[in-house]
Amino acid sequence: MQTIKNIYKTIYYKLFRLDDRLLLIVAGSIAGICSGLAAVALRLSLESVTELLHPLRHYWWAFVLPAVGALLSSLYLEKVSREGAGHGIPEVIYAVSRYGGLLRLRSSYSRLISSFLTISSGGSAGPEAPVVMSGSAIGSNIAKFLGLNDRQRITLVGCGTAGAIAAIFNAPIAGLVFSIEVLLGEWKFVNIIPIAIAAVAGAQVSQTIIPEQVLFNHQPFKMMVVDILPSLGLAVLTALISVLFTKSLRKLGRIAKKSSLPFWGRVIVGGCAVGAIGSVMPVVLGEGYHFIQSMISGTFSMGFFLTFVAIFAKIFATGMTLGWGGSGGIFAPCLVIGSLTGVVFHKALFFLLPSADIASEGAYALLGMTGLISGVMQAPLTGIFLIVEITGGYETILPLILVSSISCTMSHYIEPASYYLKDLIERGQFMRPGTDARILSDLRLNELVETDYTKVSENMVFRDFIEIIKLSKQNFFPVVEDETDIYKGVIQLSTIRRYALEPGMYDMVFLNQVMDTDVITASLEDDLQDVLDSMDLNNMDTIPVVENDRFVGMIAKTRVLDLYRRELIMQTNIQ
Amino acid sequence: MNYKLLHIFRNTPFGRETLLQSMYFCKTINAYPVVYIPKSDKFLLYFSNDAVQVDLDRSYLNEPETARVHAEQLFESMGIKPMFYEPKNYTASTLPDISTNFDYLCCPRSVSDLSSKIGLGHLGPKVRRIIKHATFPVLISSPVFKPWLSISVFFGGSENAMQSLTLGLKLAMSAGLPLNIYTLTEKKGEEYYRELIRKKDLESLVDQYTAHWYFYGNKAFDTMLYEVPHDSLIVLGAYGHGIIKEILLGSKMEHIQSTVTNNLLITGPNCTISLQ
C-alpha cells in the first residue's frame, strides 16, 4: 500500500505539480475524452432506440410513448438518482458562480440516463445540456480527485463542457466558445488552452468512434451581397421567436408547478400532449436532428403554413416536455425552431420576390439556427462558430455575424437575461468569478468581525468610563447588562464629547443614559451585501454584530476592504 | 464566542431524542442549537473540495405541520431560545444548499438508511463523507437521550487525535466537566504520547483539566472501550475513509461506534480546533 502511495505521490508531485498548466492540460484532455465518450454513448443509444421505436409510431396509441419515457425519466431522477431536477446548464453555471465548480459525481451519469429516456421516447428536448452536465461533472470530479483549487476546478468544468459540445457537433471551436461564453463568462489565457485541448479531444473521440456519421451533411452554401438585407429581417424574426420561446418555456414550467397534479401526473399530461402533437406533426418529436438535416439539405417537404405552425408547435412541445417533468436541454430545440424559422422566412421571401437571386433554403435554415441560439442563449459567438464549423467554411460568415449580433442584441433588449441565467439572476445567485457580488459572497461575516473590543457595563459611572477611554484605542464601546452580558447599546466617542468636556458631570451620568440604543446591528447569519447596504443607508463606517443578544464584535468597512482585496487577488490571480 | 450546532430535525420519537441530545450538548458547552426542518428529502452540503448530497429517509418529512411546534416544545423544555435555519440558496428547486458555516453538526449514524438508525449499525457513506470534509466536529448522538457527565478523549497520537484532544480540552474548559484521556500505547511508551502534547504546548492544559490519563496495551482495545463510563461524551478523530479504504485499512472509528452507545464527537481530517 505504501509503495502504491509513493508511486502516486512521485507521479503527482514530480510530474504534474511542477507546472499547473501542464496538469490542467492533461486533466482537461481526460475530461474532454470522457465527456466525448458520454456524448457519443448518448447519441448512439438515442439513434438506436429511436429507430427501434419508429415502427410503433404508426399505431394510434403512440402518443403515450413520450409520456412513458418522460415518466420513466422522472421516476429515475426522483427515486433512483435523487437529483433535484433541472435543465443542467443553469446548475453548472450556479456551481461555477457560487461554489468554484463543485458538482456531484452522480450528475456525470444521471442526466444522461434521464434525457435518454425522455428524448428516445419522443420528448421534445436536446441531448446537449445533459451531456454538458455530464462533462462538467466529470471535470469537476477529476479536479476533486486531484485536489485542485477552485480556479483550476472551474477550468476543468469548462473542459468537460467543451469536450461534450465538440463531440456532439464535431465542432471543437464551438465547444471552446460555448464553454467560455456561456458557462465560465471569462476569457482568460489560463482557461483557453486546456479547454481548447479538451474540445479537440472530445471531437476526436466522436470522429474516431463514429467516423461515418457527420451530424449535418450539406452542400456548400453560397451567400451573396443580396442576402444581407433579408438576413436583417431574419435576425429580427429570430429575436422575436427567441423571446417567445424563452417566455413560453418559463410560463409552461410555472403552470406545471402551480398545478395540483402529483409529479407523475404532470409528466403524463406533458408527455401525452407532446405525443398528441407529434402524431400529426412529427417534427416536434425528439431532438429533431433528422429534420434539421432535411432543412439544411433543402429536402424539407412541409409547406409554408405547416412550417409556420410547426415553429409554435415545437415551442409548445418543448415547454410541455421540459416544464412538465421531462429531462433534457433546449439546445437542439433551438436549432430546430431556428431552422424552421429560416425555412419559413425563405419561403415567404420567395413568395414575395420570386425572381430574387437569394441563397438556398438550407442556408437560411442555418442562419435561423444562429439567430435562435444567439437570441435564446444570448451567446452570439457560439451561434456563429457552431454554424461556421457545421458548414465547414467562412462563405456565410457575414450574414451569420449580422443575424447573430442583431438577434442577440434585440432579445437582450426585450429580455435582459438569457434563458440559462434568468432563474439564477432572479434568485440573486448569478455571480461570475471576480465580480463584486461573487467576492462579497465569499467573505464570511465571522472572518470580518473584530472581536477585540472592551465591553462596558450599563451601570458604569461616566468617570470610570473616562479612565477606560484613556487607555483604549477604541472609538466604539459595546454596553452590556451586568449579570447576563446581554447587549444593550453602543457608545460612540463622537457622540459623548459634550459629557467628556464637562468634568462636573462625570459622577452624575451613567452609561445607560448616554449610550445609543438605536444603532443598527448585524447578525453573523446576514449576507455581507445586506450588511453593507445597511451601513450605507445609515451612514455607518462600523456596525456592531450581535448574536443571541450577546455582543460578538464590530465590522468595519476598512476591514471589509482589506479582505475584499485579498479575495479579489485570489480569484483573479492567474496561476 | 457564539458557537452554533446545526441539527437536522426529524419529527419522530427518535428525532426527539436526538434533538434533546443536541440541546443538552449545547447547553453544556455554551453553544446554541440551530434546527433545520427539512422540506425536501435531500439537501447539499458544499465543502471546500466536495459537494455532499445528503439523501434523507422519509421519516425526516414526517408530519411537517407539527414539526416546528414539536421542536419549539423541546426548546422550551430545555430553556433555550428556539433558532431555526432556513436555506437561502438552492442548487435546484428541491435541493437546498445547507450552510457549512456552523461550529458543530449533529448527525445520526446514517441519514439515508432507516435500518441503522436506532441500532448501532455501520456509519452511512454520507456521514463518512461529511466527517471527511467537514471543518467542524460532527456529533453522533446516542439513540436515546443520555446526559453525559464527563468527557473521554481517545488519543492515539495522530494529527487527527491531537485535534480531538484539543477539542476535548476546549469542551472541558467550557463545560467544567472532568476530562479523561484513553490511549492505546501501540508499541510506544507513555512518554512518547506526553512528548507529543508537550510539542503542541498542551501539557499544562492537559495537566490542569485532565482527571485521568489511561494507557492500555496494544491488544486491550475492547477493554478500553468497556472502561469508558457509559455517561461520558467520547471525543475522537477519524479520517472518514470510504468503503474501499475501510475494507483495506480497517476502521477503528467504525468499531467504536458500533460497540459503544455513548455520544460521539468526531473530528475529521479537515477539522481545525482552536482553543481561543
# chains A, B, ... in the order shown; residues from 1 in each chain; ligands from 1

call {"tool": "interface_residues", "arguments": {"of": "chain A", "to": "chain B", "cutoff": "9 Å", "atoms": "only C-alpha atoms", "output": "PyMOL selection string"}}
result
chain A and resi 82-86+91+94-95+99-100+102-105+141+143-144+147-150+427+429+444+547-548+550+552

call {"tool": "write_last_selection", "arguments": {"atoms": "N, CA and C atoms", "output": "mmCIF file, in the first residue's frame"}}
result
data_model
loop_
_atom_site.group_PDB
_atom_site.id
_atom_site.type_symbol
_atom_site.label_atom_id
_atom_site.label_comp_id
_atom_site.auth_asym_id
_atom_site.auth_seq_id
_atom_site.Cartn_x
_atom_site.Cartn_y
_atom_site.Cartn_z
ATOM 1 N N ARG A 82 -32.070 10.487 -7.367
ATOM 2 C CA ARG A 82 -32.460 11.530 -6.417
ATOM 3 C C ARG A 82 -31.787 12.871 -6.717
ATOM 4 N N GLU A 83 -31.793 13.195 -7.974
ATOM 5 C CA GLU A 83 -31.290 14.510 -8.393
ATOM 6 C C GLU A 83 -32.423 15.504 -8.235
ATOM 7 N N GLY A 84 -32.135 16.710 -7.830
ATOM 8 C CA GLY A 84 -33.133 17.766 -7.919
ATOM 9 C C GLY A 84 -33.220 18.134 -9.391
ATOM 10 N N ALA A 85 -34.380 17.893 -10.011
ATOM 11 C CA ALA A 85 -34.450 18.052 -11.466
ATOM 12 C C ALA A 85 -34.219 19.491 -11.887
ATOM 13 N N GLY A 86 -33.647 19.661 -13.041
ATOM 14 C CA GLY A 86 -33.388 20.975 -13.611
ATOM 15 C C GLY A 86 -32.880 20.731 -15.013
ATOM 16 N N GLU A 91 -27.546 24.738 -13.571
ATOM 17 C CA GLU A 91 -26.946 24.152 -12.370
ATOM 18 C C GLU A 91 -25.418 24.234 -12.436
ATOM 19 N N TYR A 94 -24.478 27.799 -11.912
ATOM 20 C CA TYR A 94 -24.637 28.093 -10.483
ATOM 21 C C TYR A 94 -23.433 27.574 -9.686
ATOM 22 N N ALA A 95 -23.026 26.344 -10.012
ATOM 23 C CA ALA A 95 -21.885 25.752 -9.296
ATOM 24 C C ALA A 95 -20.613 26.566 -9.557
ATOM 25 N N TYR A 99 -19.782 28.053 -6.077
ATOM 26 C CA TYR A 99 -19.023 27.039 -5.330
ATOM 27 C C TYR A 99 -17.786 26.543 -6.072
ATOM 28 N N GLY A 100 -17.193 27.400 -6.875
ATOM 29 C CA GLY A 100 -15.951 27.015 -7.543
ATOM 30 C C GLY A 100 -16.100 25.777 -8.407
ATOM 31 N N LEU A 102 -18.034 23.075 -8.004
ATOM 32 C CA LEU A 102 -18.240 21.775 -7.348
ATOM 33 C C LEU A 102 -19.529 21.125 -7.854
ATOM 34 N N LEU A 103 -19.410 19.944 -8.417
ATOM 35 C CA LEU A 103 -20.594 19.221 -8.909
ATOM 36 C C LEU A 103 -20.559 17.796 -8.376
ATOM 37 N N ARG A 104 -21.746 17.243 -8.215
ATOM 38 C CA ARG A 104 -21.830 15.880 -7.661
ATOM 39 C C ARG A 104 -21.426 14.848 -8.709
ATOM 40 N N LEU A 105 -20.853 13.761 -8.230
ATOM 41 C CA LEU A 105 -20.443 12.687 -9.143
ATOM 42 C C LEU A 105 -21.653 12.109 -9.876
ATOM 43 N N ASN A 141 -15.156 16.407 -10.911
ATOM 44 C CA ASN A 141 -14.733 15.297 -10.050
ATOM 45 C C ASN A 141 -13.283 14.894 -10.295
ATOM 46 N N ALA A 143 -11.071 17.166 -10.883
ATOM 47 C CA ALA A 143 -10.408 18.202 -10.072
ATOM 48 C C ALA A 143 -10.447 17.839 -8.588
ATOM 49 N N LYS A 144 -11.580 17.283 -8.173
ATOM 50 C CA LYS A 144 -11.705 16.880 -6.766
ATOM 51 C C LYS A 144 -10.703 15.771 -6.439
ATOM 52 N N GLY A 147 -7.362 17.108 -6.092
ATOM 53 C CA GLY A 147 -7.220 18.096 -5.021
ATOM 54 C C GLY A 147 -6.892 19.483 -5.546
ATOM 55 N N LEU A 148 -7.498 19.874 -6.661
ATOM 56 C CA LEU A 148 -7.189 21.176 -7.256
ATOM 57 C C LEU A 148 -7.999 22.288 -6.577
ATOM 58 N N ASN A 149 -7.565 23.517 -6.793
ATOM 59 C CA ASN A 149 -8.283 24.640 -6.173
ATOM 60 C C ASN A 149 -9.474 25.072 -7.045
ATOM 61 N N ASP A 150 -10.209 26.051 -6.554
ATOM 62 C CA ASP A 150 -11.453 26.463 -7.221
ATOM 63 C C ASP A 150 -11.222 26.879 -8.674
ATOM 64 N N ARG A 427 -33.046 34.829 -8.594
ATOM 65 C CA ARG A 427 -32.810 34.365 -7.216
ATOM 66 C C ARG A 427 -31.578 35.035 -6.595
ATOM 67 N N GLN A 429 -28.505 34.636 -7.511
ATOM 68 C CA GLN A 429 -27.447 33.644 -7.346
ATOM 69 C C GLN A 429 -26.484 33.604 -8.519
ATOM 70 N N ARG A 444 -17.004 35.708 4.652
ATOM 71 C CA ARG A 444 -17.936 35.351 5.728
ATOM 72 C C ARG A 444 -17.851 36.396 6.832
ATOM 73 N N GLU A 547 -25.317 38.545 18.405
ATOM 74 C CA GLU A 547 -25.839 37.201 18.168
ATOM 75 C C GLU A 547 -26.449 36.687 19.466
ATOM 76 N N ASN A 548 -27.665 36.238 19.401
ATOM 77 C CA ASN A 548 -28.362 35.776 20.606
ATOM 78 C C ASN A 548 -28.288 36.801 21.737
ATOM 79 N N ARG A 550 -26.066 38.745 22.471
ATOM 80 C CA ARG A 550 -24.712 38.958 23.008
ATOM 81 C C ARG A 550 -23.866 39.676 21.959
ATOM 82 N N VAL A 552 -20.853 40.323 19.752
ATOM 83 C CA VAL A 552 -19.814 39.451 19.190
ATOM 84 C C VAL A 552 -18.584 40.271 18.791
#

call {"tool": "residues_around", "arguments": {"residues": "stretch 526-539 of chain A", "least_positions_apart": "4", "cutoff": "10 Å", "atoms": "only C-alpha atoms", "output": "PyMOL selection string"}}
result
(chain A and resi 436-437+440-445+448+519-522+543+545+555-557+560) or (chain B and resi 88)

call {"tool": "write_last_selection", "arguments": {"atoms": "N, CA and C atoms", "output": "compact mmCIF listing (two decimals), in the first residue's frame"}}
result
# COMPACT_ATOMS: atom_id res chain seq x y z
N ASP A 436 -18.00 41.76 -8.17
CA ASP A 436 -18.23 42.29 -6.83
C ASP A 436 -19.11 41.36 -5.99
N ALA A 437 -20.22 40.93 -6.59
CA ALA A 437 -21.16 40.09 -5.84
C ALA A 437 -20.52 38.78 -5.41
N LEU A 440 -17.98 39.37 -2.55
CA LEU A 440 -18.66 39.62 -1.28
C LEU A 440 -19.31 38.35 -0.74
N SER A 441 -19.83 37.51 -1.65
CA SER A 441 -20.48 36.28 -1.18
C SER A 441 -19.47 35.30 -0.59
N ASP A 442 -18.20 35.43 -1.01
CA ASP A 442 -17.18 34.53 -0.48
C ASP A 442 -16.62 34.98 0.86
N LEU A 443 -16.93 36.20 1.25
CA LEU A 443 -16.44 36.67 2.54
C LEU A 443 -17.46 36.33 3.62
N ARG A 444 -17.00 35.71 4.65
CA ARG A 444 -17.94 35.35 5.73
C ARG A 444 -17.85 36.40 6.83
N LEU A 445 -19.01 36.64 7.44
CA LEU A 445 -19.04 37.69 8.45
C LEU A 445 -18.11 37.37 9.62
N LEU A 448 -14.79 38.69 9.18
CA LEU A 448 -14.68 40.15 9.17
C LEU A 448 -14.82 40.78 10.55
N VAL A 519 -28.76 51.96 17.46
CA VAL A 519 -27.78 51.70 16.39
C VAL A 519 -28.12 50.37 15.72
N ILE A 520 -28.11 50.37 14.40
CA ILE A 520 -28.41 49.15 13.63
C ILE A 520 -27.34 48.10 13.94
N THR A 521 -27.75 46.87 14.15
CA THR A 521 -26.78 45.80 14.38
C THR A 521 -26.89 44.75 13.28
N ALA A 522 -25.84 43.94 13.17
CA ALA A 522 -25.85 42.84 12.19
C ALA A 522 -25.77 41.52 12.95
N ILE A 543 -20.19 48.63 12.26
CA ILE A 543 -21.50 48.14 12.72
C ILE A 543 -21.29 47.06 13.78
N VAL A 545 -21.93 43.64 15.76
CA VAL A 545 -22.52 42.34 15.43
C VAL A 545 -23.02 41.72 16.73
N ILE A 555 -17.88 45.12 12.77
CA ILE A 555 -17.39 45.01 11.39
C ILE A 555 -17.12 46.43 10.89
N ALA A 556 -15.89 46.65 10.46
CA ALA A 556 -15.53 47.97 9.94
C ALA A 556 -15.36 47.89 8.43
N LYS A 557 -15.70 48.97 7.76
CA LYS A 557 -15.58 48.98 6.29
C LYS A 557 -14.12 48.81 5.86
N VAL A 560 -13.44 45.22 5.74
CA VAL A 560 -14.10 44.62 4.57
C VAL A 560 -13.25 44.87 3.33
N LYS B 88 -30.96 29.57 2.20
CA LYS B 88 -31.10 30.76 1.36
C LYS B 88 -30.88 30.43 -0.11

call {"tool": "select_by_dssp", "arguments": {"residues": "stretch 68-274 of chain B", "states": "strand (DSSP E or B)", "output": "PyMOL selection string"}}
result
chain B and resi 84+89-92+95-98+104-107+138-140+150-154+179-184+210-216+232-237+264-267

call {"tool": "residues_around", "arguments": {"residues": "stretch 498-500 of chain A", "least_positions_apart": "3", "cutoff": "10 Å", "atoms": "only C-alpha atoms", "output": "ChimeraX atom specification"}}
result
/A:462-463,465-466,493-495,503-506,509,514

call {"tool": "write_last_selection", "arguments": {"atoms": "C-alpha atoms", "output": "PDB file, in the first residue's frame"}}
result
ATOM      1  CA  PHE A 462     -19.033  58.080  33.470  1.00  0.00           C
ATOM      2  CA  ARG A 463     -15.869  58.824  35.464  1.00  0.00           C
ATOM      3  CA  PHE A 465     -15.550  55.137  31.610  1.00  0.00           C
ATOM      4  CA  ILE A 466     -13.237  58.122  31.103  1.00  0.00           C
ATOM      5  CA  LEU A 493     -16.818  58.616  21.287  1.00  0.00           C
ATOM      6  CA  SER A 494     -18.053  61.182  18.796  1.00  0.00           C
ATOM      7  CA  THR A 495     -21.458  61.371  20.484  1.00  0.00           C
ATOM      8  CA  PRO A 503     -15.941  67.014  34.419  1.00  0.00           C
ATOM      9  CA  GLY A 504     -18.749  68.120  36.692  1.00  0.00           C
ATOM     10  CA  MET A 505     -20.984  65.518  35.131  1.00  0.00           C
ATOM     11  CA  TYR A 506     -18.551  62.615  35.493  1.00  0.00           C
ATOM     12  CA  VAL A 509     -24.041  60.258  34.445  1.00  0.00           C
ATOM     13  CA  VAL A 514     -25.614  58.192  27.217  1.00  0.00           C
TER      14      VAL A 514
END

call {"tool": "atom_distance", "arguments": {"atom1": "atom CA of A:Leu285", "atom2": "atom CA of A:Val267"}}
result
15.7 Å

call {"tool": "residues_around", "arguments": {"residues": "stretch 373-382 of chain A", "least_positions_apart": "6", "cutoff": "6 Å", "atoms": "only C-alpha atoms", "output": "list in words"}}
result
Ala174, Val177, Phe178, Ala239, Ser242, Ser404, Ser405, Ser407, Cys408, Ser411, Ser418 and Tyr419 of chain A

call {"tool": "residues_around", "arguments": {"residues": "B:Tyr214", "least_positions_apart": "5", "cutoff": "9 Å", "atoms": "only C-alpha atoms", "output": "PyMOL selection string"}}
result
chain B and resi 180-184+224

call {"tool": "write_last_selection", "arguments": {"atoms": "N, CA and C atoms", "output": "compact mmCIF listing (two decimals), in the first residue's frame"}}
result
# COMPACT_ATOMS: atom_id res chain seq x y z
N ASN B 180 -11.08 12.76 30.67
CA ASN B 180 -10.24 11.56 30.75
C ASN B 180 -9.66 11.29 29.37
N ILE B 181 -8.40 10.86 29.37
CA ILE B 181 -7.77 10.53 28.10
C ILE B 181 -7.49 9.03 28.08
N TYR B 182 -7.81 8.42 26.94
CA TYR B 182 -7.59 6.98 26.77
C TYR B 182 -6.63 6.76 25.61
N THR B 183 -5.55 6.04 25.89
CA THR B 183 -4.54 5.83 24.85
C THR B 183 -4.15 4.37 24.76
N LEU B 184 -4.15 3.86 23.53
CA LEU B 184 -3.58 2.52 23.28
C LEU B 184 -2.12 2.75 22.94
N MET B 224 -10.52 -1.25 26.85
CA MET B 224 -10.56 0.22 26.97
C MET B 224 -11.99 0.74 26.71

call {"tool": "select_by_dssp", "arguments": {"residues": "stretch 419-493 of chain A", "states": "helix (DSSP H, G or I)", "output": "PyMOL selection string"}}
result
chain A and resi 419-426+436-442+445-448+462-471+493

call {"tool": "write_last_selection", "arguments": {"atoms": "C-alpha atoms", "output": "PDB file, in the first residue's frame"}}
result
ATOM      1  CA  TYR A 419     -32.750  31.524 -20.621  1.00  0.00           C
ATOM      2  CA  TYR A 420     -29.915  29.868 -18.705  1.00  0.00           C
ATOM      3  CA  LEU A 421     -29.333  32.824 -16.423  1.00  0.00           C
ATOM      4  CA  LYS A 422     -32.843  34.131 -15.905  1.00  0.00           C
ATOM      5  CA  ASP A 423     -33.683  31.987 -12.861  1.00  0.00           C
ATOM      6  CA  LEU A 424     -30.278  32.489 -11.287  1.00  0.00           C
ATOM      7  CA  ILE A 425     -30.471  36.247 -11.675  1.00  0.00           C
ATOM      8  CA  GLU A 426     -33.980  36.342 -10.248  1.00  0.00           C
ATOM      9  CA  ASP A 436     -18.234  42.290  -6.833  1.00  0.00           C
ATOM     10  CA  ALA A 437     -21.165  40.093  -5.845  1.00  0.00           C
ATOM     11  CA  ARG A 438     -19.094  36.910  -6.002  1.00  0.00           C
ATOM     12  CA  ILE A 439     -16.269  38.337  -3.907  1.00  0.00           C
ATOM     13  CA  LEU A 440     -18.660  39.622  -1.281  1.00  0.00           C
ATOM     14  CA  SER A 441     -20.481  36.283  -1.180  1.00  0.00           C
ATOM     15  CA  ASP A 442     -17.181  34.528  -0.482  1.00  0.00           C
ATOM     16  CA  LEU A 445     -19.038  37.691   8.453  1.00  0.00           C
ATOM     17  CA  ASN A 446     -17.149  35.787  11.113  1.00  0.00           C
ATOM     18  CA  GLU A 447     -13.916  36.456   9.190  1.00  0.00           C
ATOM     19  CA  LEU A 448     -14.679  40.146   9.172  1.00  0.00           C
ATOM     20  CA  PHE A 462     -19.033  58.080  33.470  1.00  0.00           C
ATOM     21  CA  ARG A 463     -15.869  58.824  35.464  1.00  0.00           C
ATOM     22  CA  ASP A 464     -14.832  55.158  35.296  1.00  0.00           C
ATOM     23  CA  PHE A 465     -15.550  55.137  31.610  1.00  0.00           C
ATOM     24  CA  ILE A 466     -13.237  58.122  31.103  1.00  0.00           C
ATOM     25  CA  GLU A 467     -10.439  56.078  32.695  1.00  0.00           C
ATOM     26  CA  ILE A 468     -11.104  53.257  30.213  1.00  0.00           C
ATOM     27  CA  ILE A 469     -11.058  55.658  27.274  1.00  0.00           C
ATOM     28  CA  LYS A 470      -7.672  56.995  28.333  1.00  0.00           C
ATOM     29  CA  LEU A 471      -6.120  53.527  27.985  1.00  0.00           C
ATOM     30  CA  LEU A 493     -16.818  58.616  21.287  1.00  0.00           C
TER      31      LEU A 493
END

call {"tool": "atom_distance", "arguments": {"atom1": "atom CA of B:Leu169", "atom2": "atom CA of B:Val206"}}
result
7.2 Å

call {"tool": "residues_around", "arguments": {"residues": "A:Phe245", "least_positions_apart": "3", "cutoff": "12 Å", "atoms": "only C-alpha atoms", "output": "ChimeraX atom specification"}}
result
/A:238-242,248-252,311-319,330-331,333-334,336-338,372-373,375-377,411,415,418-419

call {"tool": "write_last_selection", "arguments": {"atoms": "C-alpha atoms", "output": "mmCIF file, in the first residue's frame"}}
result
data_model
loop_
_atom_site.group_PDB
_atom_site.id
_atom_site.type_symbol
_atom_site.label_atom_id
_atom_site.label_comp_id
_atom_site.auth_asym_id
_atom_site.auth_seq_id
_atom_site.Cartn_x
_atom_site.Cartn_y
_atom_site.Cartn_z
ATOM 1 C CA THR A 238 -35.381 35.065 -34.823
ATOM 2 C CA ALA A 239 -35.017 37.579 -31.992
ATOM 3 C CA LEU A 240 -38.784 37.700 -31.560
ATOM 4 C CA ILE A 241 -39.085 33.923 -31.756
ATOM 5 C CA SER A 242 -36.248 33.616 -29.216
ATOM 6 C CA SER A 248 -43.138 30.134 -23.197
ATOM 7 C CA LEU A 249 -40.731 27.716 -21.557
ATOM 8 C CA ARG A 250 -40.867 29.609 -18.302
ATOM 9 C CA LYS A 251 -44.613 30.136 -18.460
ATOM 10 C CA LEU A 252 -45.358 26.470 -19.113
ATOM 11 C CA ILE A 311 -42.461 26.649 -35.073
ATOM 12 C CA PHE A 312 -45.105 27.232 -32.416
ATOM 13 C CA ALA A 313 -45.849 23.522 -32.060
ATOM 14 C CA LYS A 314 -42.175 22.859 -31.345
ATOM 15 C CA ILE A 315 -42.043 25.707 -28.813
ATOM 16 C CA PHE A 316 -45.125 24.348 -27.067
ATOM 17 C CA ALA A 317 -43.910 20.750 -27.176
ATOM 18 C CA THR A 318 -40.541 21.718 -25.700
ATOM 19 C CA GLY A 319 -42.252 23.624 -22.919
ATOM 20 C CA ILE A 330 -33.004 23.441 -25.132
ATOM 21 C CA PHE A 331 -30.026 23.473 -27.488
ATOM 22 C CA PRO A 333 -34.988 22.576 -29.886
ATOM 23 C CA CYS A 334 -33.316 25.952 -30.546
ATOM 24 C CA VAL A 336 -34.986 23.002 -34.853
ATOM 25 C CA ILE A 337 -37.012 26.151 -34.191
ATOM 26 C CA GLY A 338 -34.271 28.273 -35.731
ATOM 27 C CA LEU A 372 -32.144 31.329 -32.248
ATOM 28 C CA ILE A 373 -29.011 30.217 -30.408
ATOM 29 C CA GLY A 375 -31.200 35.030 -29.038
ATOM 30 C CA VAL A 376 -32.119 32.354 -26.508
ATOM 31 C CA MET A 377 -28.680 31.812 -25.007
ATOM 32 C CA SER A 411 -33.573 39.709 -27.488
ATOM 33 C CA GLU A 415 -35.389 40.026 -22.192
ATOM 34 C CA SER A 418 -30.634 34.608 -21.245
ATOM 35 C CA TYR A 419 -32.750 31.524 -20.621
#

call {"tool": "residues_around", "arguments": {"residues": "B:Cys26", "least_positions_apart": "6", "cutoff": "10 Å", "atoms": "only C-alpha atoms", "output": "PDB file with N, CA and C atoms, in the first residue's frame"}}
result
ATOM      1  N   TYR B   3     -20.959  29.753  19.639  1.00  0.00           N
ATOM      2  CA  TYR B   3     -20.861  28.523  18.852  1.00  0.00           C
ATOM      3  C   TYR B   3     -22.266  28.036  18.510  1.00  0.00           C
ATOM      4  N   LYS B   4     -22.370  27.477  17.314  1.00  0.00           N
ATOM      5  CA  LYS B   4     -23.686  27.004  16.867  1.00  0.00           C
ATOM      6  C   LYS B   4     -23.598  25.578  16.375  1.00  0.00           C
ATOM      7  N   LEU B   5     -24.603  24.828  16.731  1.00  0.00           N
ATOM      8  CA  LEU B   5     -24.682  23.439  16.262  1.00  0.00           C
ATOM      9  C   LEU B   5     -25.879  23.313  15.338  1.00  0.00           C
ATOM     10  N   LEU B  20     -33.012  16.408  21.758  1.00  0.00           N
ATOM     11  CA  LEU B  20     -32.735  16.638  23.177  1.00  0.00           C
ATOM     12  C   LEU B  20     -31.236  16.499  23.448  1.00  0.00           C
ATOM     13  N   TYR B  32     -25.268  27.163  20.858  1.00  0.00           N
ATOM     14  CA  TYR B  32     -26.683  27.316  20.514  1.00  0.00           C
ATOM     15  C   TYR B  32     -27.080  26.287  19.465  1.00  0.00           C
ATOM     16  N   PRO B  33     -28.164  25.564  19.716  1.00  0.00           N
ATOM     17  CA  PRO B  33     -28.624  24.657  18.659  1.00  0.00           C
ATOM     18  C   PRO B  33     -29.453  25.415  17.619  1.00  0.00           C
ATOM     19  N   VAL B  34     -29.189  25.145  16.368  1.00  0.00           N
ATOM     20  CA  VAL B  34     -29.984  25.726  15.279  1.00  0.00           C
ATOM     21  C   VAL B  34     -30.630  24.545  14.563  1.00  0.00           C
ATOM     22  N   ILE B  80     -34.147  26.921  26.174  1.00  0.00           N
ATOM     23  CA  ILE B  80     -33.282  27.524  25.142  1.00  0.00           C
ATOM     24  C   ILE B  80     -34.158  28.283  24.156  1.00  0.00           C
ATOM     25  N   TYR B 104     -20.643  23.015  14.869  1.00  0.00           N
ATOM     26  CA  TYR B 104     -20.867  21.588  15.095  1.00  0.00           C
ATOM     27  C   TYR B 104     -22.048  21.158  14.224  1.00  0.00           C
ATOM     28  N   ALA B 175     -17.357  23.458  29.721  1.00  0.00           N
ATOM     29  CA  ALA B 175     -18.418  22.746  30.432  1.00  0.00           C
ATOM     30  C   ALA B 175     -18.076  22.543  31.910  1.00  0.00           C
TER      31      ALA B 175
END

call {"tool": "decode", "arguments": {"residues": "stretch 20-45 of chain B", "atoms": "C-alpha atoms", "output": "tab-separated table (two decimals), in the first residue's frame"}}
result
chain	number	residue	atom	x	y	z
B	20	LEU	CA	-32.73	16.64	23.18
B	21	GLN	CA	-29.21	15.30	22.95
B	22	SER	CA	-28.12	18.19	20.75
B	23	MET	CA	-29.72	20.68	23.11
B	24	TYR	CA	-28.05	19.10	26.11
B	25	PHE	CA	-24.72	19.21	24.30
B	26	CYS	CA	-25.20	22.89	23.50
B	27	LYS	CA	-26.34	23.80	26.97
B	28	THR	CA	-23.37	22.04	28.50
B	29	ILE	CA	-20.75	23.71	26.32
B	30	ASN	CA	-22.49	27.10	26.00
B	31	ALA	CA	-23.40	26.76	22.35
B	32	TYR	CA	-26.68	27.32	20.51
B	33	PRO	CA	-28.62	24.66	18.66
B	34	VAL	CA	-29.98	25.73	15.28
B	35	VAL	CA	-32.67	23.42	13.93
B	36	TYR	CA	-33.29	22.76	10.27
B	37	ILE	CA	-36.65	21.19	9.49
B	38	PRO	CA	-36.25	19.65	6.03
B	39	LYS	CA	-38.91	20.38	3.46
B	40	SER	CA	-37.48	18.03	0.86
B	41	ASP	CA	-35.85	14.65	1.24
B	42	LYS	CA	-32.40	15.82	0.18
B	43	PHE	CA	-30.02	18.69	0.63
B	44	LEU	CA	-26.50	19.64	-0.33
B	45	LEU	CA	-23.54	20.50	1.83
